[in-house]
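See below for the structure under consideration.
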Amino acid sequence: MATAVRRSAPANTLDRAQKLELYYYMRLTRSLEERLVNLYRQTKVVGGLFRSLGQEADAVGSAYALDRKQGDILSPLIRNLGSMLVQGAEPLEIIRQYMAKGDSPTRGRELNIHYGDLVRGFVGQISQLGDMVPVMAGVTLSFKMRGQDRVGLVYVGDGATSTGAFHEGINFAAVQQCPLVVIVENNGYAYSTPLSKQTAARDLKDKAIGYGIPGEQADGNDVLATYAVTKRAVDRARKGGGPTLIELITYRRKGHAEHDNQSYVPPGEIERWEKANDPIDRYVAVLTGEGVTDAELHAIDERIRKEIDEATDQADASPMPEPTDALVGVYAEPGVIPPLWFREGVRSAVATHERPASWGTHDG
Amino acid sequence: MAETTYLEAIREALFEEMERDPNVFCLGEDIGAYGGAFKVTEGLAARFGDARVIDTPISEAAIVGAAAGAAHMGMRPVCEMQFIDFISCAYDMLTNYVATARYRAMLGCPMVVRGPSGGYVRGGPFHSQNPEAAFLHTPGLKIVYPSTAADAKGLLKSAIRDDDCVLYFEHKYLYRRIKEELPTGDHLVPIGKARTAREGKDVSIITYAATVWKALEAAEQLDKTDGVSVEVIDLRSLLPMDDEAIVATVKKTNRVLVVHEDTRTGGVAGEIAARINELAFEWLDAPVLRVTAADVPLPYSPPLEDYVLPQTADIVAAVRRLAQY
């Protein structure tokens, strides 16, 4: 259970408790994913596993700039588990999702972190990259139409900037001046494809120029910088200043998914980022410099370990879905699709057919 | 009372629903001040303002995607595809995002995607399409395709009030050619219910949209020249499809012709034939036949278009064959 309650704060004025909360969410992200790796190796995770190792700061810092009390909404990408945790997603839900359980948020319909909750303020993504940009343009268009002081945040990767949906969505939002922040999480790779094969643009932030909106770039592995740049954009959006495109520079230290051996990565690259630019190591140094003690951080780590242990036990004990639940909820009306006749046991469609009296008597 | 055209009926539905519910809004290309390529939305922007009648960039994926996002938040967007041919530019958004949203994420998409459809207008390959079959295969979507002014109005009002995404195909050939006195009051036509356009006892024609009128012409002619009594079923909704009405007419006439303007292979007619086979095989006295467009992109030149699209004479010939089977 995420017991910490986030409060909003002006840019660069985070207090000590808030700074520790940032640490909590980053560490929770990493530890939860490490637990998921264990479950994956035990074959309890049914599908693929997507890590955000080394990217925890960009997800957590940016999401922390939203205001949950105002009803801000974000749409995460596959490596933004941290952003969902900030919005109130719980480890238990995440583990149930990965284990395809019947009481997971999607009742076993969708994988991994592909789920949402409008009340807590996150919309579930789909796998077609870039599609969430138009969708979040529409979510934030509704904020504008209703005169609400709410802001939306949508994450895309460097790869999704090549999609038509990204272009259409951000252009639409710019024309309509929707209160939307678009974060391009540049982690160097889209699956195996490096940025140089994705785009000829030198900086992804420059794409903002073409849409007539502000473009900013920040160090995605510096959680406070990520928070600050996003907070500026969120404040601008809330005041009616329209969308901002933010490029956060980070690095994907794991493969696309757990199966990916990263053979395409130049030797030494991953190790360099791990040693010199781990977002949690860097943030711990900042906190320690500000007087936070090892004991305080250790206590947070312990709390997280306990939360994850409890969530794992609960998720493990959760039931798998009832097969026939697959027929529920395609439409609001009808709420249930009738089962196919060959799944109805002995009663076949042909056996139950009513026949005309003349059947079989025709002579042409 | 004055008669209302098919096009005016659509506009009336939009006006009434926007008056009734502040969550209803329209978005599309050139629909505001200009009133749309066919003037369906004429007067809407003047009445409701450009915040509720939104002129968008040429971005069908963004139109549909933004509508979905707004719909999640409780709005009821009505998207216009300037020509329904352009709906394919939003195919991903409709099939992957919108159609699955309720099922995978418990997110409602109460929205309508509407647009001028169909041929017989010398529109060529990209202004004449009937793309309904491309979406019939997608669970999570609903599809309606009216043939009369009353249904055009009543189905659009129902589509706007539906809690899921409804693709609303409107036939541009019928826009100004079809008119009638509309029912008064809050006229709603239920989605998923077919209509008997003409009662008959010898052969059934199951069809929808513009070919309903061709089928009615053929029925009139066959009655006079051949003494064959033709029943015409106007499906009105394709998804969900009214199996009950289909089975009822099969049981009544035992001979079925399915007619549609769309191309043949993988078309709606094949689905209807399969349903009849599964649900009412024993009631057939003849094979289910199809009259459809030929499997070609729709050509522009009149002799070519007329040759490709189903004509009244084709329907007459097919019914004769069935009647004599």
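In the structure tokens, chains take letters A, B, ... by order of appearance, with residues numbered from 1 within each chain and ligands from 1 in the order shown.
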
*Near chain B, which residues of chain A fall within 6 Å when you count only C-alpha atoms, and what do they look like as a ChimeraX atom specification?*
/A:106,109-110,115,134-139,142,168-169,329-331,355

Take the selection from the previous step and output its residues with C-alpha atoms, as a PDB file, in the first residue's frame.
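Saved to result_17.pdb:
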```pdb
ATOM      1  CA  THR A 106      -8.451  -5.298 -15.856  1.00  0.00           C
ATOM      2  CA  ARG A 109      -7.932  -8.700 -19.958  1.00  0.00           C
ATOM      3  CA  GLU A 110      -4.785  -6.615 -20.323  1.00  0.00           C
ATOM      4  CA  TYR A 115      -4.655  -0.103 -16.849  1.00  0.00           C
ATOM      5  CA  PRO A 134      -4.623  12.362 -29.266  1.00  0.00           C
ATOM      6  CA  VAL A 135      -6.537  10.661 -26.449  1.00  0.00           C
ATOM      7  CA  MET A 136      -4.986  12.940 -23.839  1.00  0.00           C
ATOM      8  CA  ALA A 137      -5.567  15.888 -26.144  1.00  0.00           C
ATOM      9  CA  GLY A 138      -9.252  14.962 -25.865  1.00  0.00           C
ATOM     10  CA  VAL A 139      -9.134  14.447 -22.101  1.00  0.00           C
ATOM     11  CA  SER A 142     -12.793  18.371 -21.996  1.00  0.00           C
ATOM     12  CA  GLU A 168      -1.682  14.635 -35.082  1.00  0.00           C
ATOM     13  CA  GLY A 169      -2.304  14.644 -31.354  1.00  0.00           C
ATOM     14  CA  GLY A 329     -18.161  -5.859 -20.850  1.00  0.00           C
ATOM     15  CA  VAL A 330     -17.483  -5.454 -24.562  1.00  0.00           C
ATOM     16  CA  TYR A 331     -20.450  -3.077 -24.624  1.00  0.00           C
ATOM     17  CA  ARG A 355     -37.926 -27.171 -38.702  1.00  0.00           C
TER      18      ARG A 355
END
```

_Test item: residues at most 12 Å from Arg321 of chain B, only C-alpha atoms, excluding those fewer than 5 positions along its chain, as a VMD selection string_ = chain B and resid 203 222 226 228 255 to 257 286 to 291 314 to 316

Please, could you write that set of residues out with C-alpha atoms as a tab-separated table (two decimals), in the first residue's frame?
```tsv
chain	number	residue	atom	x	y	z
B	203	VAL	CA	-38.79	-13.67	-51.86
B	222	LEU	CA	-41.56	-7.60	-60.01
B	226	ASP	CA	-43.99	-11.15	-62.66
B	228	VAL	CA	-43.78	-11.99	-57.46
B	255	ARG	CA	-35.86	-17.43	-50.44
B	256	VAL	CA	-33.34	-14.72	-49.67
B	257	LEU	CA	-31.39	-12.19	-51.69
B	286	ALA	CA	-33.08	-21.86	-52.42
B	287	PRO	CA	-29.47	-20.82	-51.86
B	288	VAL	CA	-28.91	-17.38	-50.39
B	289	LEU	CA	-27.77	-15.14	-53.25
B	290	ARG	CA	-25.93	-11.84	-53.21
B	291	VAL	CA	-26.14	-8.73	-55.36
B	314	ASP	CA	-29.57	-6.64	-61.23
B	315	ILE	CA	-31.88	-7.07	-58.26
B	316	VAL	CA	-34.83	-7.90	-60.52
```

*Can you check which residues of segment 296-329 of chain A DSSP gives as helix (DSSP H, G or I) on the backbone and send them as a VMD selection string?*
chain A and resid 296 to 317 323 to 327

_Shell of 7 Å around His114 of chain A, only C-alpha atoms, local chain residues under 5 positions omitted, as a PyMOL selection string_ = chain A and resi 124-126

Could the residues in this selection be saved with N, CA and C atoms as a PDB file, in the first residue's frame?
```
ATOM      1  N   GLY A 124      -5.185   4.214 -18.909  1.00  0.00           N
ATOM      2  CA  GLY A 124      -4.385   3.081 -19.389  1.00  0.00           C
ATOM      3  C   GLY A 124      -3.964   3.266 -20.837  1.00  0.00           C
ATOM      4  N   GLN A 125      -2.720   2.949 -21.084  1.00  0.00           N
ATOM      5  CA  GLN A 125      -2.174   3.069 -22.436  1.00  0.00           C
ATOM      6  C   GLN A 125      -2.529   1.850 -23.272  1.00  0.00           C
ATOM      7  N   ILE A 126      -2.355   1.980 -24.591  1.00  0.00           N
ATOM      8  CA  ILE A 126      -2.378   0.793 -25.437  1.00  0.00           C
ATOM      9  C   ILE A 126      -1.007   0.651 -26.102  1.00  0.00           C
TER      10      ILE A 126
END
```

Within 8 Å of segment 185-195 of chain B, which residues of segment 202-321 of chain B show up? Give each one with its shortest atom-to-atom distance in Å (one decimal) and the two atoms involved, counting only C-alpha atoms, rows by chain then rising residue number, as CSV.
```
residue,atom,partner,partner_atom,distance
B:Ile233,CA,B:Arg195,CA,5.9
B:Asp234,CA,B:Arg195,CA,5.1
B:Leu235,CA,B:Ala194,CA,4.2
B:Arg236,CA,B:Ala194,CA,5.6
B:Ser237,CA,B:Gly192,CA,5.0
B:Leu238,CA,B:Gly192,CA,7.2
B:Leu239,CA,B:Gly192,CA,6.7
B:Pro240,CA,B:Gly192,CA,5.1
B:Met241,CA,B:Gly192,CA,5.6
B:Asp242,CA,B:Lys193,CA,5.4
B:Ala245,CA,B:Ala194,CA,6.4
```

Just N, CA and C atoms for this one: save the residues we selected as a short mmCIF file (atom, residue, chain, number, x, y, z; two decimals), in the first residue's frame.
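Generated output (result12.cif):
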```cif
data_model
loop_
_atom_site.label_atom_id
_atom_site.label_comp_id
_atom_site.auth_asym_id
_atom_site.auth_seq_id
_atom_site.Cartn_x
_atom_site.Cartn_y
_atom_site.Cartn_z
N ILE B 233 -36.31 -6.09 -46.31
CA ILE B 233 -35.89 -5.82 -44.93
C ILE B 233 -34.76 -4.80 -44.96
N ASP B 234 -34.95 -3.69 -44.29
CA ASP B 234 -33.92 -2.65 -44.16
C ASP B 234 -33.25 -2.87 -42.80
N LEU B 235 -32.01 -3.32 -42.83
CA LEU B 235 -31.36 -3.69 -41.57
C LEU B 235 -31.18 -2.50 -40.62
N ARG B 236 -30.90 -1.33 -41.18
CA ARG B 236 -30.67 -0.10 -40.40
C ARG B 236 -29.43 -0.18 -39.51
N SER B 237 -29.31 -1.24 -38.71
CA SER B 237 -28.11 -1.47 -37.89
C SER B 237 -27.40 -2.70 -38.41
N LEU B 238 -26.08 -2.60 -38.53
CA LEU B 238 -25.30 -3.76 -38.96
C LEU B 238 -24.60 -4.42 -37.77
N LEU B 239 -24.29 -3.63 -36.76
CA LEU B 239 -23.63 -4.15 -35.57
C LEU B 239 -24.23 -3.44 -34.37
N PRO B 240 -25.03 -4.07 -33.54
CA PRO B 240 -25.47 -5.46 -33.67
C PRO B 240 -26.47 -5.64 -34.81
N MET B 241 -26.52 -6.87 -35.32
CA MET B 241 -27.40 -7.18 -36.44
C MET B 241 -28.67 -7.85 -35.90
N ASP B 242 -29.78 -7.55 -36.52
CA ASP B 242 -31.07 -8.05 -36.03
C ASP B 242 -31.34 -9.46 -36.56
N ALA B 245 -35.06 -10.55 -36.98
CA ALA B 245 -35.75 -10.07 -38.18
C ALA B 245 -35.31 -10.86 -39.41
#
```

_Nearby residues (only C-alpha atoms) at most 7 Å from Phe122 of chain A, same-chain spacing under 6 positions excluded, as an NGL selection string_ = :A and (73-75 or 84 or 116)

Please save C-alpha atoms of the selected residues as an mmCIF file, in the first residue's frame.
```cif
data_model
loop_
_atom_site.group_PDB
_atom_site.id
_atom_site.type_symbol
_atom_site.label_atom_id
_atom_site.label_comp_id
_atom_site.auth_asym_id
_atom_site.auth_seq_id
_atom_site.Cartn_x
_atom_site.Cartn_y
_atom_site.Cartn_z
ATOM 1 C CA ILE A 73 -4.654 13.061 -15.173
ATOM 2 C CA LEU A 74 -1.682 11.366 -16.785
ATOM 3 C CA SER A 75 -1.242 8.628 -19.317
ATOM 4 C CA MET A 84 1.342 5.598 -11.771
ATOM 5 C CA GLY A 116 -6.156 3.097 -15.617
#
```

Exercise: Arg282 of chain A partners within 10 Å, only C-alpha atoms, chain neighbours under 6 positions left out, as a short mmCIF file (atom, residue, chain, number, x, y, z; two decimals) with C-alpha atoms, in the first residue's frame:
```cif
data_model
loop_
_atom_site.label_atom_id
_atom_site.label_comp_id
_atom_site.auth_asym_id
_atom_site.auth_seq_id
_atom_site.Cartn_x
_atom_site.Cartn_y
_atom_site.Cartn_z
CA ALA A 57 13.48 9.69 -11.79
CA ASN A 221 17.94 11.19 -14.27
CA ASP A 222 17.81 14.20 -11.96
CA VAL A 223 14.48 13.85 -10.19
CA ALA A 276 27.89 7.44 -13.18
#
```

_Give me the residues near Ala257 of chain A as a VMD selection string, where near means some atom within 12 Å (using only C-alpha atoms) and where sequence neighbours in that chain fewer than 5 positions away do not count._
chain A and resid 33 37 40 47 to 53 78 to 79 112 190 to 192 252 262

Output file for the residues above (N, CA and C atoms, as a short mmCIF file (atom, residue, chain, number, x, y, z; two decimals), in the first residue's frame):
```cif
data_model
loop_
_atom_site.label_atom_id
_atom_site.label_comp_id
_atom_site.auth_asym_id
_atom_site.auth_seq_id
_atom_site.Cartn_x
_atom_site.Cartn_y
_atom_site.Cartn_z
N GLU A 33 9.71 -3.57 -9.35
CA GLU A 33 10.12 -4.24 -10.59
C GLU A 33 11.07 -5.40 -10.31
N VAL A 37 10.61 -9.27 -11.40
CA VAL A 37 11.60 -10.12 -12.06
C VAL A 37 11.63 -11.49 -11.39
N TYR A 40 8.65 -13.32 -12.44
CA TYR A 40 8.80 -13.70 -13.85
C TYR A 40 9.63 -14.98 -13.96
N GLY A 47 3.03 -12.88 -18.95
CA GLY A 47 3.49 -12.23 -20.18
C GLY A 47 4.87 -11.63 -20.02
N GLY A 48 5.16 -10.65 -20.84
CA GLY A 48 6.47 -10.00 -20.81
C GLY A 48 6.60 -9.07 -19.62
N LEU A 49 7.86 -8.76 -19.30
CA LEU A 49 8.12 -7.86 -18.17
C LEU A 49 8.95 -6.68 -18.68
N PHE A 50 8.47 -5.49 -18.37
CA PHE A 50 9.09 -4.27 -18.90
C PHE A 50 9.66 -3.46 -17.75
N ARG A 51 10.98 -3.26 -17.79
CA ARG A 51 11.66 -2.58 -16.70
C ARG A 51 11.85 -1.10 -16.99
N SER A 52 11.92 -0.34 -15.92
CA SER A 52 12.27 1.07 -16.07
C SER A 52 13.55 1.38 -15.30
N LEU A 53 14.39 0.35 -15.14
CA LEU A 53 15.64 0.52 -14.39
C LEU A 53 16.45 1.68 -14.97
N ILE A 78 5.05 2.46 -21.09
CA ILE A 78 5.40 1.18 -20.46
C ILE A 78 6.50 1.33 -19.39
N ARG A 79 7.34 2.38 -19.52
CA ARG A 79 8.40 2.56 -18.52
C ARG A 79 8.09 3.69 -17.53
N ASN A 112 0.42 -6.23 -17.88
CA ASN A 112 1.34 -5.35 -17.15
C ASN A 112 0.71 -4.06 -16.59
N ALA A 190 14.44 2.56 -29.04
CA ALA A 190 13.09 2.06 -29.20
C ALA A 190 13.25 0.59 -29.58
N TYR A 191 12.93 -0.28 -28.66
CA TYR A 191 13.31 -1.69 -28.77
C TYR A 191 14.80 -1.74 -29.04
N SER A 192 15.24 -2.11 -30.26
CA SER A 192 16.69 -2.15 -30.49
C SER A 192 17.18 -0.95 -31.30
N ARG A 252 17.86 3.66 -21.02
CA ARG A 252 17.20 2.39 -20.71
C ARG A 252 18.27 1.33 -20.43
N GLN A 262 19.91 -7.38 -25.38
CA GLN A 262 20.60 -6.10 -25.61
C GLN A 262 21.91 -6.26 -26.39
#
```

Residues near Arg122 of chain B, cut-off 8 Å, only C-alpha atoms, skip fewer than 5 positions along chain, as a PDB file with C-alpha atoms, in the first residue's frame:
```pdb
ATOM      1  CA  SER B 128     -17.705   6.881 -52.660  1.00  0.00           C
ATOM      2  CA  PRO B 299     -14.347   4.020 -60.730  1.00  0.00           C
ATOM      3  CA  TYR B 300     -15.332   7.578 -61.613  1.00  0.00           C
ATOM      4  CA  SER B 301     -16.721   7.528 -65.150  1.00  0.00           C
ATOM      5  CA  PRO B 302     -20.533   6.987 -65.283  1.00  0.00           C
ATOM      6  CA  GLU B 305     -19.556   3.265 -61.930  1.00  0.00           C
TER       7      GLU B 305
END
```

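Taking atom CA of Leu155 of chain B as the reference point, atom CA of Ala293 of chain B is found at 25.6 Å.
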
*strand (DSSP E) positions in segment 19-127 of chain B, given as a list in words*: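 In segment 19-127 of chain B, DSSP puts these residues in strand (DSSP E): Val24, Phe25, Cys26, Leu27, Gly28, Val53, Ile54, Asp55, Arg76, Pro77, Val78, Cys79, Glu80, Val112, Val113, Arg114, Gly115, Pro116 and Ser117 of chain B.
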
Keeping C-alpha atoms for every residue in the selection just given, could you write it to a file as a JSON list (two decimals), in the first residue's frame?
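What ended up in out_35.json:
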```
[["chain", "number", "residue", "atom", "x", "y", "z"],
["B", 24, "VAL", "CA", -22.65, 16.82, -26.85],
["B", 25, "PHE", "CA", -20.24, 18.56, -29.20],
["B", 26, "CYS", "CA", -19.13, 18.21, -32.81],
["B", 27, "LEU", "CA", -15.64, 18.10, -34.23],
["B", 28, "GLY", "CA", -14.38, 17.67, -37.75],
["B", 53, "VAL", "CA", -18.56, 22.95, -33.11],
["B", 54, "ILE", "CA", -14.84, 22.52, -33.53],
["B", 55, "ASP", "CA", -13.01, 22.95, -36.82],
["B", 76, "ARG", "CA", -20.50, 13.01, -25.97],
["B", 77, "PRO", "CA", -18.50, 13.93, -29.06],
["B", 78, "VAL", "CA", -19.81, 13.57, -32.59],
["B", 79, "CYS", "CA", -16.94, 13.31, -35.08],
["B", 80, "GLU", "CA", -17.45, 14.11, -38.73],
["B", 112, "VAL", "CA", -20.30, 8.92, -32.72],
["B", 113, "VAL", "CA", -18.22, 8.90, -35.88],
["B", 114, "ARG", "CA", -20.37, 9.94, -38.81],
["B", 115, "GLY", "CA", -19.75, 10.84, -42.40],
["B", 116, "PRO", "CA", -21.04, 10.91, -45.97],
["B", 117, "SER", "CA", -20.78, 7.46, -47.47]]
```
